[in-house]
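Source file my_file_25.txt; content: compact mmCIF, C-alpha atoms.
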# COMPACT_ATOMS: atom_id res chain seq x y z
CA MET A 1 -18.59 8.02 16.95
CA ASP A 2 -16.12 9.29 19.57
CA ARG A 3 -13.37 7.10 18.13
CA LEU A 4 -14.16 8.34 14.64
CA ALA A 5 -14.00 11.95 15.79
CA ALA A 6 -10.63 11.25 17.42
CA GLY A 7 -9.24 9.79 14.18
CA ASP A 8 -9.12 6.24 15.54
CA TYR A 9 -10.56 4.69 12.40
CA GLY A 10 -9.61 1.14 13.29
CA GLY A 11 -11.22 1.45 16.71
CA ALA A 12 -14.28 3.13 15.22
CA SER A 13 -14.69 0.32 12.72
CA LEU A 14 -14.39 -2.35 15.43
CA ALA A 15 -16.86 -0.57 17.71
CA ALA A 16 -19.35 -0.03 14.90
CA ASP A 17 -19.11 -3.67 13.82
CA ALA A 18 -19.65 -4.83 17.41
CA LEU A 19 -22.75 -2.67 17.73
CA LEU A 20 -24.05 -3.85 14.37
CA GLU A 21 -24.00 -7.45 15.61
CA TYR A 22 -26.72 -6.52 18.11
CA ARG A 23 -28.41 -3.72 16.19
CA PRO A 24 -27.83 -4.42 12.49
CA ARG A 25 -29.96 -1.48 11.33
CA ASP A 26 -28.47 1.17 13.60
CA GLN A 27 -27.91 4.02 11.14
CA ASP A 28 -25.21 5.74 13.23
CA ALA A 29 -23.24 2.50 13.45
CA LEU A 30 -23.68 1.86 9.72
CA ASP A 31 -22.50 5.39 8.90
CA CYS A 32 -19.60 5.15 11.33
CA ALA A 33 -18.46 1.82 9.90
CA GLN A 34 -18.63 3.14 6.33
CA ILE A 35 -16.71 6.32 7.13
CA ALA A 36 -14.09 4.46 9.17
CA ARG A 37 -13.49 1.91 6.40
CA SER A 38 -13.24 4.67 3.81
CA GLU A 39 -10.68 6.55 5.91
CA LEU A 40 -8.68 3.38 6.59
CA ARG A 41 -8.59 2.66 2.85
CA LYS A 42 -7.23 6.18 2.28
CA VAL A 43 -4.55 5.73 4.96
CA TYR A 44 -3.38 2.37 3.61
CA THR A 45 -3.44 3.52 -0.01
CA ALA A 46 -1.51 6.70 0.83
CA ARG A 47 1.13 4.61 2.58
CA LEU A 48 1.47 2.17 -0.31
CA GLY A 49 1.11 4.71 -3.10
CA SER A 50 -0.70 3.94 -6.31
CA LEU A 51 -2.31 0.53 -6.42
CA ASP A 52 -0.83 0.21 -9.91
CA ARG A 53 2.60 -0.25 -8.31
CA VAL A 54 4.15 -3.71 -8.42
CA PRO A 55 5.72 -4.90 -5.16
CA HIS A 56 8.52 -7.39 -4.74
CA VAL A 57 9.68 -9.34 -1.71
CA ALA A 58 12.54 -7.42 -0.10
CA MET A 59 13.61 -10.00 2.51
CA GLY A 60 15.00 -13.46 2.28
CA PRO A 61 12.97 -16.44 3.52
CA GLU A 62 14.86 -16.74 6.81
CA ALA A 63 14.28 -13.10 7.68
CA ILE A 64 10.60 -13.42 6.85
CA PHE A 65 10.20 -16.54 8.98
CA SER A 66 11.83 -14.75 11.90
CA LEU A 67 9.08 -12.13 11.93
CA GLN A 68 6.79 -12.82 14.85
CA ALA A 69 3.46 -11.41 13.70
CA LEU A 70 3.04 -12.97 10.28
CA ASP A 71 -0.19 -14.92 10.17
CA PHE A 72 -1.55 -17.15 7.42
CA ARG A 73 -3.28 -14.23 5.67
CA ALA A 74 -0.05 -12.24 5.52
CA GLY A 75 1.74 -15.33 4.27
CA PHE A 76 -0.89 -15.87 1.61
CA LEU A 77 -0.69 -12.27 0.38
CA LEU A 78 3.09 -12.44 0.47
CA SER A 79 2.92 -15.52 -1.75
CA ARG A 80 1.10 -13.37 -4.33
CA VAL A 81 3.93 -10.80 -4.38
CA ASP A 82 5.90 -11.90 -7.44
CA ALA A 83 7.35 -8.65 -8.88
CA GLU A 84 4.78 -8.88 -11.69
CA THR A 85 1.36 -8.54 -10.03
CA SER A 86 0.12 -5.06 -9.12
CA LEU A 87 -1.12 -4.15 -5.67
CA PHE A 88 -4.57 -3.68 -7.16
CA ASP A 89 -4.64 -7.23 -8.52
CA ILE A 90 -3.38 -8.65 -5.22
CA VAL A 91 -5.93 -6.68 -3.19
CA GLU A 92 -8.86 -7.38 -5.48
CA SER A 93 -8.16 -11.09 -5.95
CA GLY A 94 -11.09 -11.79 -3.64
CA SER A 95 -9.36 -14.26 -1.38
CA ILE A 96 -9.16 -11.75 1.49
CA PRO A 97 -11.49 -8.75 1.92
CA SER A 98 -9.89 -5.78 0.17
CA LEU A 99 -9.59 -3.54 3.25
CA GLU A 100 -7.93 -6.35 5.20
CA ALA A 101 -5.58 -7.05 2.28
CA LEU A 102 -4.63 -3.36 2.13
CA ARG A 103 -3.96 -3.33 5.87
CA ILE A 104 -1.75 -6.39 5.68
CA LEU A 105 0.18 -5.15 2.63
CA SER A 106 0.62 -1.78 4.32
CA GLU A 107 2.07 -3.50 7.39
CA LEU A 108 4.35 -5.65 5.23
CA TYR A 109 5.57 -2.48 3.53
CA LEU A 110 6.20 -0.71 6.86
CA ARG A 111 8.15 -3.73 8.08
CA ARG A 112 10.17 -3.66 4.83
CA VAL A 113 9.07 -7.16 3.87
CA ILE A 114 7.89 -5.82 0.52
CA ALA A 115 9.25 -2.89 -1.49
CA PHE A 116 8.91 -1.26 -4.88
CA ASP A 117 11.59 -0.88 -7.56
CA GLU A 118 11.22 2.88 -7.81
CA GLU A 119 12.31 3.36 -4.18
Take the structure in the file and give it back as structure tokens.
Amino acid sequence: MDRLAAGDYGGASLAADALLEYRPRDQDALDCAQIARSELRKVYTARLGSLDRVPHVAMGPEAIFSLQALDFRAGFLLSRVDAETSLFDIVESGSIPSLEALRILSELYLRRVIAFDEE
């Protein structure tokens, strides 16, 4: 709850999930996890804009491969970015949990791997 109060939503979510492994019915941990995930969703969505937007890949393959922190999930989501599929459809495809997909797409956007035509 301290992390949540401090605005550390990622830390609050991790701490709540860790506690829920040992005490799966702990109401404070359940509430904390739900609030933290909701706030993280808001942060990622605000960064990306409307989920109706359609991203495109803004870097060439060599530049993308040179990025150090791209894991297989980021690569998978990046493979779905085709300048035709909306963020909503990419996020809700079900292959990666939606909050995790939003986080990854948000990071790809911040790193200028993906962009939007209207920018």
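Using only C-alpha atoms, the shortest contact distance between A:Ala58 and any of A:Ala5, A:Ile90, A:Glu39, A:Val81 is found at A:Val81.
Counting only C-alpha atoms, the residue from A:Arg47, A:Ile104, A:Glu92, A:Met1 that sits nearest to A:Arg73 is A:Ile104.
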Length of the atom CA of A:Pro61 to atom CA of A:Phe88 vector [Å]: 24.2 Å
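Pairwise distance (atom CA of A:His56, atom CA of A:Asp117) equals 7.7 Å.
Here the question is which of A:Val91, A:Leu40, A:Ala83, A:Val57 gets nearest to A:Leu108 using all atoms listed in the file, and that residue is A:Val57.
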So for stretch 8-14 of chain A, what box centre and size do we get, axis-aligned, 6 Å extra on each of the six sides, every listed atom, Å to one decimal, as AutoDock Vina command-line options?
--center_x -11.9 --center_y 1.9 --center_z 14.6 --size_x 17.6 --size_y 20.6 --size_z 16.3
I'd like to know which of A:Leu105, A:Ala18, A:Ala6, A:Val113 is closest to A:Glu62, using all atoms listed in the file. A:Val113
Using all atoms listed in the file, can you tell me which of A:Lys42, A:Arg25, A:Arg3, A:Arg111 comes closest to A:Ala63? A:Arg111
Provide the atom CA of A:Asp8 to atom CA of A:Phe116 distance in Å, to one decimal place. 28.3 Å
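Residue nearest A:Gly10, chosen from A:Leu99, A:Ala115, A:Leu77, A:Met59 and counting only C-alpha atoms: A:Leu99.
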Test item: residues at most 10 Å from A:Leu30, all atoms listed in the file, excluding those fewer than 4 positions along its chain, as a PyMOL selection string: chain A and resi 13+16-17+19-20+23-26+34-36
